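Structure first, then comments.
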Amino acid sequence: KNEVEQSPQNLTAQEGEFITINCSYSVGISALHWLQQHPGGGIVSLFMLSSGKKKHGRLIATINIQEKHSSLHITASHPRDSAVYICAEVGGSQGNLIFGKGTKLSVKP
Amino acid sequence: EAGVAQSPRYKIIEKRQSVAFWCNPISGHATLYWYQQILGQGPKLLIQFQNNGVVDDSQLPKDRFSAERLKGVDSTLKIQPAKLEDSAVYLCASSFASGHSSYNSPLHFGNGTRLTVT
């Protein structure tokens, strides 16, 4: 059974701090998504990666296929980064997404 | 480009009533997904369409949930009759790629429909 575990579940940080959110998955995958969900439900795709590292602005995502682990980093965090961050692995014969429960991030000014 | 459109934004119904949600994906996107997200949990796939065909509906409670995607564009998700545990946000997402390459195509989500069953 595919499982996606995220840690921490909740994270509070001060503005400017470096933030790391971790994601572990149980089976081999072809790709992994990092998503951002703001209050109200809207989900935005941040990254889709299958190896190495991707960077977009202050966001960095890394993945280690051998260790079945991915991390999302936020540098110089800002209150507008407050959201739920969800990782989702691409698994199954149909390439469906299997989601983690999310990490709720609150960045205080 | 216009995003994935969903309606209604909110819906409150009593248990045993029926409800329908509508989704209009991004133009040209072959793959459409419906997800259920219960408060505090990650989204759970209900059904995946490839054009107007069903690819995966293994987690759809077929005794009360149904979905269709006529003409391979818009989609509706229906619950009949609703139960209290159906209270959740129903998310629609679409992606461009079709076939087995769908896993490499970014997903675009709608804002969701928040359903409350009382």
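Residues are referred to by chain and number: the chain letter is A, B, ... according to the order shown in the structure tokens, the number counts from 1 in that chain, and ligands are numbered separately from 1 in the order shown.
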Enumerate, in order of chain and increasing residue number, the residues of chain A with an atom no farther than 8 Å from chain B, each with its shortest atom pair and distance in Å to one decimal, counting only C-alpha atoms, as JSON lines.
{"residue": "A:Ser30", "atom": "CA", "partner": "B:Tyr103", "partner_atom": "CA", "distance": 7.5}
{"residue": "A:Ala31", "atom": "CA", "partner": "B:Asn104", "partner_atom": "CA", "distance": 7.1}
{"residue": "A:Gly40", "atom": "CA", "partner": "B:Asn111", "partner_atom": "CA", "distance": 7.5}
{"residue": "A:Gly41", "atom": "CA", "partner": "B:Asn111", "partner_atom": "CA", "distance": 5.7}
{"residue": "A:Gly42", "atom": "CA", "partner": "B:Asn111", "partner_atom": "CA", "distance": 4.2}
{"residue": "A:Ile43", "atom": "CA", "partner": "B:Phe109", "partner_atom": "CA", "distance": 5.7}
{"residue": "A:Val44", "atom": "CA", "partner": "B:Phe109", "partner_atom": "CA", "distance": 6.7}
{"residue": "A:Ser45", "atom": "CA", "partner": "B:Leu107", "partner_atom": "CA", "distance": 6.5}
{"residue": "A:Met48", "atom": "CA", "partner": "B:Pro106", "partner_atom": "CA", "distance": 6.8}
{"residue": "A:Ile86", "atom": "CA", "partner": "B:Gly42", "partner_atom": "CA", "distance": 7.3}
{"residue": "A:Val90", "atom": "CA", "partner": "B:Tyr103", "partner_atom": "CA", "distance": 6.2}
{"residue": "A:Gln94", "atom": "CA", "partner": "B:His100", "partner_atom": "CA", "distance": 6.7}
{"residue": "A:Gly95", "atom": "CA", "partner": "B:Tyr103", "partner_atom": "CA", "distance": 5.0}
{"residue": "A:Asn96", "atom": "CA", "partner": "B:Tyr103", "partner_atom": "CA", "distance": 7.1}
{"residue": "A:Leu97", "atom": "CA", "partner": "B:Leu45", "partner_atom": "CA", "distance": 7.6}
{"residue": "A:Ile98", "atom": "CA", "partner": "B:Lys44", "partner_atom": "CA", "distance": 7.4}
{"residue": "A:Phe99", "atom": "CA", "partner": "B:Gly42", "partner_atom": "CA", "distance": 5.5}
{"residue": "A:Gly100", "atom": "CA", "partner": "B:Gly42", "partner_atom": "CA", "distance": 5.5}
{"residue": "A:Lys101", "atom": "CA", "partner": "B:Gly42", "partner_atom": "CA", "distance": 4.2}
{"residue": "A:Gly102", "atom": "CA", "partner": "B:Gly42", "partner_atom": "CA", "distance": 6.1}
List the neighbours of Cys23 of chain B out to 8 Å using only C-alpha atoms; skip same-chain residues closer than 5 positions along the sequence, and give me the result as an mmCIF file with all heavy atoms, in the first residue's frame.
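Contents of result18.cif, as written:
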data_model
loop_
_atom_site.group_PDB
_atom_site.id
_atom_site.type_symbol
_atom_site.label_atom_id
_atom_site.label_comp_id
_atom_site.auth_asym_id
_atom_site.auth_seq_id
_atom_site.Cartn_x
_atom_site.Cartn_y
_atom_site.Cartn_z
ATOM 1 N N VAL B 4 -9.185 26.275 -13.587
ATOM 2 C CA VAL B 4 -10.250 25.286 -13.429
ATOM 3 C C VAL B 4 -11.394 25.953 -12.659
ATOM 4 O O VAL B 4 -11.171 26.499 -11.574
ATOM 5 C CB VAL B 4 -9.740 24.054 -12.663
ATOM 6 C CG1 VAL B 4 -10.882 23.078 -12.414
ATOM 7 C CG2 VAL B 4 -8.595 23.392 -13.421
ATOM 8 N N ALA B 5 -12.577 25.909 -13.226
ATOM 9 C CA ALA B 5 -13.735 26.548 -12.603
ATOM 10 C C ALA B 5 -14.607 25.506 -11.918
ATOM 11 O O ALA B 5 -14.874 24.440 -12.494
ATOM 12 C CB ALA B 5 -14.552 27.297 -13.657
ATOM 13 N N GLN B 6 -15.015 25.815 -10.714
ATOM 14 C CA GLN B 6 -15.916 24.923 -9.996
ATOM 15 C C GLN B 6 -17.088 25.734 -9.452
ATOM 16 O O GLN B 6 -16.941 26.890 -9.066
ATOM 17 C CB GLN B 6 -15.211 24.250 -8.812
ATOM 18 C CG GLN B 6 -14.248 23.163 -9.198
ATOM 19 C CD GLN B 6 -13.757 22.392 -7.984
ATOM 20 O OE1 GLN B 6 -12.594 22.480 -7.604
ATOM 21 N NE2 GLN B 6 -14.660 21.613 -7.376
ATOM 22 N N SER B 7 -18.236 25.082 -9.376
ATOM 23 C CA SER B 7 -19.395 25.709 -8.724
ATOM 24 C C SER B 7 -20.294 24.614 -8.160
ATOM 25 O O SER B 7 -20.285 23.473 -8.649
ATOM 26 C CB SER B 7 -20.170 26.574 -9.722
ATOM 27 O OG SER B 7 -20.772 25.769 -10.721
ATOM 28 N N ASP B 74 -16.652 19.397 -19.599
ATOM 29 C CA ASP B 74 -17.179 19.622 -18.249
ATOM 30 C C ASP B 74 -17.467 18.308 -17.551
ATOM 31 O O ASP B 74 -17.699 17.271 -18.200
ATOM 32 C CB ASP B 74 -18.493 20.410 -18.324
ATOM 33 C CG ASP B 74 -18.308 21.814 -18.829
ATOM 34 O OD1 ASP B 74 -17.186 22.125 -19.292
ATOM 35 O OD2 ASP B 74 -19.265 22.591 -18.785
ATOM 36 N N SER B 75 -17.500 18.385 -16.236
ATOM 37 C CA SER B 75 -17.831 17.196 -15.460
ATOM 38 C C SER B 75 -18.763 17.572 -14.315
ATOM 39 O O SER B 75 -18.715 18.685 -13.796
ATOM 40 C CB SER B 75 -16.563 16.553 -14.900
ATOM 41 O OG SER B 75 -16.872 15.420 -14.100
ATOM 42 N N THR B 76 -19.622 16.640 -13.946
ATOM 43 C CA THR B 76 -20.455 16.809 -12.758
ATOM 44 C C THR B 76 -20.242 15.635 -11.816
ATOM 45 O O THR B 76 -20.035 14.491 -12.261
ATOM 46 C CB THR B 76 -21.944 16.909 -13.107
ATOM 47 O OG1 THR B 76 -22.308 15.745 -13.876
ATOM 48 C CG2 THR B 76 -22.238 18.156 -13.901
ATOM 49 N N CYS B 92 -11.794 19.711 -7.886
ATOM 50 C CA CYS B 92 -11.629 19.252 -9.261
ATOM 51 C C CYS B 92 -10.256 19.698 -9.739
ATOM 52 O O CYS B 92 -9.804 20.805 -9.412
ATOM 53 C CB CYS B 92 -12.720 19.838 -10.143
ATOM 54 S SG CYS B 92 -12.608 19.379 -11.878
#
Problem set entry | Test item: residues at most 9 Å from Ile26 of chain B, only C-alpha atoms, excluding those fewer than 2 positions along its chain, as a list in words |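 Close residues of Ile26 of chain B: Glu1, Ala2, Gly3, Val4, Ala5, Asn24, Gly28, His29, Val73, Ala93, Ser94, Ser95, Phe96 and His108 of chain B.
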Store the residues picked out above in a file with all heavy atoms, as a compact mmCIF listing (two decimals), in the first residue's frame.
# COMPACT_ATOMS: atom_id res chain seq x y z
N GLU B 1 -4.19 32.16 -19.02
CA GLU B 1 -5.22 31.14 -19.32
C GLU B 1 -6.17 31.05 -18.15
O GLU B 1 -5.79 31.24 -16.99
CB GLU B 1 -4.54 29.80 -19.61
CG GLU B 1 -4.35 28.89 -18.45
CD GLU B 1 -3.50 27.64 -18.74
OE1 GLU B 1 -3.49 27.14 -19.86
OE2 GLU B 1 -2.86 27.21 -17.80
N ALA B 2 -7.45 30.80 -18.44
CA ALA B 2 -8.42 30.64 -17.38
C ALA B 2 -8.12 29.36 -16.61
O ALA B 2 -7.65 28.37 -17.17
CB ALA B 2 -9.82 30.57 -17.98
N GLY B 3 -8.40 29.39 -15.30
CA GLY B 3 -8.13 28.24 -14.47
C GLY B 3 -9.28 27.25 -14.48
O GLY B 3 -10.23 27.38 -15.25
N VAL B 4 -9.19 26.28 -13.59
CA VAL B 4 -10.25 25.29 -13.43
C VAL B 4 -11.39 25.95 -12.66
O VAL B 4 -11.17 26.50 -11.57
CB VAL B 4 -9.74 24.05 -12.66
CG1 VAL B 4 -10.88 23.08 -12.41
CG2 VAL B 4 -8.59 23.39 -13.42
N ALA B 5 -12.58 25.91 -13.23
CA ALA B 5 -13.73 26.55 -12.60
C ALA B 5 -14.61 25.51 -11.92
O ALA B 5 -14.87 24.44 -12.49
CB ALA B 5 -14.55 27.30 -13.66
N ASN B 24 -15.42 22.81 -14.71
CA ASN B 24 -15.00 23.11 -16.08
C ASN B 24 -13.47 23.18 -16.09
O ASN B 24 -12.89 24.11 -15.55
CB ASN B 24 -15.59 24.44 -16.54
CG ASN B 24 -15.30 24.70 -18.00
OD1 ASN B 24 -14.79 23.83 -18.72
ND2 ASN B 24 -15.64 25.88 -18.47
N GLY B 28 -8.56 22.15 -23.25
CA GLY B 28 -7.55 21.28 -23.84
C GLY B 28 -7.00 20.23 -22.90
O GLY B 28 -6.22 19.37 -23.32
N HIS B 29 -7.37 20.30 -21.62
CA HIS B 29 -6.86 19.31 -20.66
C HIS B 29 -7.66 18.02 -20.78
O HIS B 29 -8.87 17.99 -20.62
CB HIS B 29 -6.96 19.86 -19.23
CG HIS B 29 -5.84 20.77 -18.87
ND1 HIS B 29 -5.53 21.10 -17.58
CD2 HIS B 29 -4.92 21.40 -19.65
CE1 HIS B 29 -4.47 21.89 -17.56
NE2 HIS B 29 -4.10 22.10 -18.81
N VAL B 73 -15.35 17.25 -21.64
CA VAL B 73 -14.99 18.61 -21.22
C VAL B 73 -15.45 18.81 -19.77
O VAL B 73 -14.76 18.40 -18.84
CB VAL B 73 -15.58 19.68 -22.15
CG1 VAL B 73 -15.16 21.07 -21.72
CG2 VAL B 73 -15.15 19.41 -23.58
N ALA B 93 -9.58 18.85 -10.47
CA ALA B 93 -8.27 19.19 -11.02
C ALA B 93 -8.18 18.68 -12.45
O ALA B 93 -8.86 17.71 -12.81
CB ALA B 93 -7.15 18.60 -10.17
N SER B 94 -7.35 19.32 -13.23
CA SER B 94 -7.15 18.84 -14.60
C SER B 94 -5.68 18.92 -14.98
O SER B 94 -4.90 19.67 -14.37
CB SER B 94 -8.00 19.65 -15.58
OG SER B 94 -7.52 20.98 -15.72
N SER B 95 -5.32 18.11 -15.96
CA SER B 95 -3.96 18.16 -16.49
C SER B 95 -4.01 17.93 -17.98
O SER B 95 -4.94 17.32 -18.51
CB SER B 95 -3.04 17.14 -15.81
OG SER B 95 -3.45 15.83 -16.09
N PHE B 96 -2.96 18.37 -18.66
CA PHE B 96 -2.96 18.35 -20.12
C PHE B 96 -2.77 16.96 -20.69
O PHE B 96 -3.43 16.55 -21.62
CB PHE B 96 -1.86 19.27 -20.65
CG PHE B 96 -1.72 19.24 -22.15
CD1 PHE B 96 -2.64 19.92 -22.95
CD2 PHE B 96 -0.70 18.54 -22.77
CE1 PHE B 96 -2.53 19.89 -24.33
CE2 PHE B 96 -0.59 18.51 -24.15
CZ PHE B 96 -1.50 19.19 -24.93
N HIS B 108 -3.66 21.26 -12.24
CA HIS B 108 -4.26 22.56 -11.96
C HIS B 108 -5.56 22.30 -11.20
O HIS B 108 -6.42 21.57 -11.69
CB HIS B 108 -4.54 23.31 -13.25
CG HIS B 108 -3.30 23.59 -14.04
ND1 HIS B 108 -2.65 24.80 -13.99
CD2 HIS B 108 -2.59 22.82 -14.89
CE1 HIS B 108 -1.59 24.75 -14.78
NE2 HIS B 108 -1.52 23.57 -15.33
Exercise. Suppose you want the space between atom CA of Phe65 of chain B and atom CA of Ile38 of chain B; what is it in Å?
Worked result: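 Result for atom CA of Phe65 of chain B versus atom CA of Ile38 of chain B: 15.8 Å, one decimal.
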For this session: Write down as a PyMOL selection string the residues belonging to segment 2-118 of chain B that are assigned strand (DSSP E or B) by DSSP computed on the backbone.
Result: chain B and resi 5-7+10-13+19-24+31-37+44-50+53-56+65-68+75-79+88-95+108-109+113-117
Kindly save the residues from that selection, with C-alpha atoms included, as a PDB file, in the first residue's frame.
ATOM      1  CA  ALA B   5     -13.735  26.548 -12.603  1.00  0.00           C
ATOM      2  CA  GLN B   6     -15.916  24.923  -9.996  1.00  0.00           C
ATOM      3  CA  SER B   7     -19.395  25.709  -8.724  1.00  0.00           C
ATOM      4  CA  TYR B  10     -20.368  26.436  -0.902  1.00  0.00           C
ATOM      5  CA  LYS B  11     -23.334  24.140  -0.378  1.00  0.00           C
ATOM      6  CA  ILE B  12     -25.277  23.240   2.741  1.00  0.00           C
ATOM      7  CA  ILE B  13     -27.784  20.400   2.579  1.00  0.00           C
ATOM      8  CA  VAL B  19     -26.336  17.554  -4.430  1.00  0.00           C
ATOM      9  CA  ALA B  20     -24.378  18.109  -7.625  1.00  0.00           C
ATOM     10  CA  PHE B  21     -21.068  19.831  -8.256  1.00  0.00           C
ATOM     11  CA  TRP B  22     -19.820  21.142 -11.554  1.00  0.00           C
ATOM     12  CA  CYS B  23     -16.300  21.471 -12.924  1.00  0.00           C
ATOM     13  CA  ASN B  24     -14.997  23.112 -16.076  1.00  0.00           C
ATOM     14  CA  THR B  31      -7.402  14.421 -17.715  1.00  0.00           C
ATOM     15  CA  LEU B  32      -9.879  15.451 -15.040  1.00  0.00           C
ATOM     16  CA  TYR B  33      -9.887  14.409 -11.405  1.00  0.00           C
ATOM     17  CA  TRP B  34     -12.391  14.721  -8.584  1.00  0.00           C
ATOM     18  CA  TYR B  35     -10.977  14.669  -5.066  1.00  0.00           C
ATOM     19  CA  GLN B  36     -12.627  14.641  -1.658  1.00  0.00           C
ATOM     20  CA  GLN B  37     -10.789  16.453   1.117  1.00  0.00           C
ATOM     21  CA  LYS B  44      -8.478  11.558  -1.705  1.00  0.00           C
ATOM     22  CA  LEU B  45      -9.088  10.641  -5.327  1.00  0.00           C
ATOM     23  CA  LEU B  46     -12.698   9.823  -6.116  1.00  0.00           C
ATOM     24  CA  ILE B  47     -12.538   9.460  -9.878  1.00  0.00           C
ATOM     25  CA  GLN B  48     -10.195  10.137 -12.790  1.00  0.00           C
ATOM     26  CA  PHE B  49     -11.374  10.756 -16.341  1.00  0.00           C
ATOM     27  CA  GLN B  50      -9.318  10.590 -19.508  1.00  0.00           C
ATOM     28  CA  GLY B  53     -13.742   7.752 -20.227  1.00  0.00           C
ATOM     29  CA  VAL B  54     -13.262   6.660 -16.623  1.00  0.00           C
ATOM     30  CA  VAL B  55      -9.666   5.660 -15.807  1.00  0.00           C
ATOM     31  CA  ASP B  56     -10.006   5.026 -12.080  1.00  0.00           C
ATOM     32  CA  PHE B  65     -21.717   8.944  -5.720  1.00  0.00           C
ATOM     33  CA  SER B  66     -21.770   9.277  -9.486  1.00  0.00           C
ATOM     34  CA  ALA B  67     -19.790  11.350 -11.942  1.00  0.00           C
ATOM     35  CA  GLU B  68     -19.834  11.957 -15.625  1.00  0.00           C
ATOM     36  CA  SER B  75     -17.831  17.196 -15.460  1.00  0.00           C
ATOM     37  CA  THR B  76     -20.455  16.809 -12.758  1.00  0.00           C
ATOM     38  CA  LEU B  77     -20.183  14.921  -9.494  1.00  0.00           C
ATOM     39  CA  LYS B  78     -23.394  13.916  -7.749  1.00  0.00           C
ATOM     40  CA  ILE B  79     -24.147  12.600  -4.293  1.00  0.00           C
ATOM     41  CA  ALA B  88     -15.834  17.893   2.869  1.00  0.00           C
ATOM     42  CA  VAL B  89     -14.285  20.046   0.189  1.00  0.00           C
ATOM     43  CA  TYR B  90     -14.683  18.559  -3.278  1.00  0.00           C
ATOM     44  CA  LEU B  91     -11.805  19.508  -5.514  1.00  0.00           C
ATOM     45  CA  CYS B  92     -11.629  19.252  -9.261  1.00  0.00           C
ATOM     46  CA  ALA B  93      -8.273  19.193 -11.022  1.00  0.00           C
ATOM     47  CA  SER B  94      -7.154  18.837 -14.598  1.00  0.00           C
ATOM     48  CA  SER B  95      -3.956  18.159 -16.487  1.00  0.00           C
ATOM     49  CA  HIS B 108      -4.263  22.556 -11.955  1.00  0.00           C
ATOM     50  CA  PHE B 109      -6.832  22.708  -9.193  1.00  0.00           C
ATOM     51  CA  THR B 113     -16.803  23.226  -3.346  1.00  0.00           C
ATOM     52  CA  ARG B 114     -17.241  23.118   0.417  1.00  0.00           C
ATOM     53  CA  LEU B 115     -20.128  20.790   1.253  1.00  0.00           C
ATOM     54  CA  THR B 116     -21.755  20.741   4.667  1.00  0.00           C
ATOM     55  CA  VAL B 117     -24.279  18.013   5.374  1.00  0.00           C
TER      56      VAL B 117
END
For this session: Pick out the residues sitting within 8 Å of Pro109 of chain A, and hand them over as a PyMOL selection string; count only C-alpha atoms, and ignore anything fewer than 3 positions along from it in its own chain.
Result: chain A and resi 14-15+78-79
Export, as a short mmCIF file (atom, residue, chain, number, x, y, z; two decimals), in the first residue's frame, the selected residues with C-alpha atoms.
data_model
loop_
_atom_site.label_atom_id
_atom_site.label_comp_id
_atom_site.auth_asym_id
_atom_site.auth_seq_id
_atom_site.Cartn_x
_atom_site.Cartn_y
_atom_site.Cartn_z
CA GLN A 14 9.14 33.68 12.77
CA GLU A 15 9.41 35.81 9.68
CA HIS A 78 7.22 35.56 5.14
CA PRO A 79 3.72 35.63 6.68
#
What are the nearest atom pairs, with distances in Å to one decimal, for all residues of segment 16-55 of chain A that come at most 6 Å from segment 61-73 of chain A, using only C-alpha atoms, set out by chain and rising residue number as a tab-separated table?
residue	atom	partner	partner_atom	distance
A:Ile19	CA	A:His73	CA	5.4
A:Thr20	CA	A:His73	CA	4.5
A:Ile21	CA	A:Leu72	CA	5.1
A:Asn22	CA	A:Ser71	CA	4.5
A:Cys23	CA	A:Ser70	CA	5.1
A:Ser24	CA	A:His69	CA	4.5
A:Tyr25	CA	A:Lys68	CA	5.6
A:Ser51	CA	A:Ile63	CA	5.7
A:Gly52	CA	A:Ile63	CA	5.6
A:Lys53	CA	A:Thr62	CA	4.3
A:Lys54	CA	A:Ala61	CA	5.3
Preceding selection exported with N, CA and C atoms as an mmCIF file, in the first residue's frame:
data_model
loop_
_atom_site.group_PDB
_atom_site.id
_atom_site.type_symbol
_atom_site.label_atom_id
_atom_site.label_comp_id
_atom_site.auth_asym_id
_atom_site.auth_seq_id
_atom_site.Cartn_x
_atom_site.Cartn_y
_atom_site.Cartn_z
ATOM 1 N N ILE A 19 12.810 27.362 6.558
ATOM 2 C CA ILE A 19 11.823 26.337 6.891
ATOM 3 C C ILE A 19 12.065 25.088 6.051
ATOM 4 N N THR A 20 11.915 23.941 6.702
ATOM 5 C CA THR A 20 12.013 22.666 5.984
ATOM 6 C C THR A 20 10.806 21.805 6.317
ATOM 7 N N ILE A 21 10.175 21.284 5.294
ATOM 8 C CA ILE A 21 9.069 20.337 5.440
ATOM 9 C C ILE A 21 9.492 19.048 4.753
ATOM 10 N N ASN A 22 9.259 17.938 5.436
ATOM 11 C CA ASN A 22 9.728 16.651 4.927
ATOM 12 C C ASN A 22 8.589 15.755 4.465
ATOM 13 N N CYS A 23 8.908 14.905 3.509
ATOM 14 C CA CYS A 23 7.926 13.985 2.944
ATOM 15 C C CYS A 23 8.608 12.652 2.678
ATOM 16 N N SER A 24 8.039 11.580 3.198
ATOM 17 C CA SER A 24 8.558 10.232 2.944
ATOM 18 C C SER A 24 7.460 9.393 2.303
ATOM 19 N N TYR A 25 7.861 8.538 1.406
ATOM 20 C CA TYR A 25 6.884 7.689 0.739
ATOM 21 C C TYR A 25 7.363 6.252 0.756
ATOM 22 N N SER A 51 13.688 13.845 -9.772
ATOM 23 C CA SER A 51 15.066 13.647 -9.322
ATOM 24 C C SER A 51 15.658 14.995 -8.972
ATOM 25 N N GLY A 52 16.688 14.966 -8.130
ATOM 26 C CA GLY A 52 17.486 16.156 -7.883
ATOM 27 C C GLY A 52 16.771 17.254 -7.135
ATOM 28 N N LYS A 53 16.805 18.428 -7.721
ATOM 29 C CA LYS A 53 16.414 19.636 -7.000
ATOM 30 C C LYS A 53 15.797 20.626 -7.965
ATOM 31 N N LYS A 54 14.787 21.349 -7.475
ATOM 32 C CA LYS A 54 14.212 22.439 -8.256
ATOM 33 C C LYS A 54 14.084 23.663 -7.371
#
Exercise. Mind pulling up the distance from atom CA of Ser87 of chain B to atom CA of Pro61 of chain B?
Worked result: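 Result for atom CA of Pro61 of chain B versus atom CA of Ser87 of chain B: 14.1 Å, one decimal.
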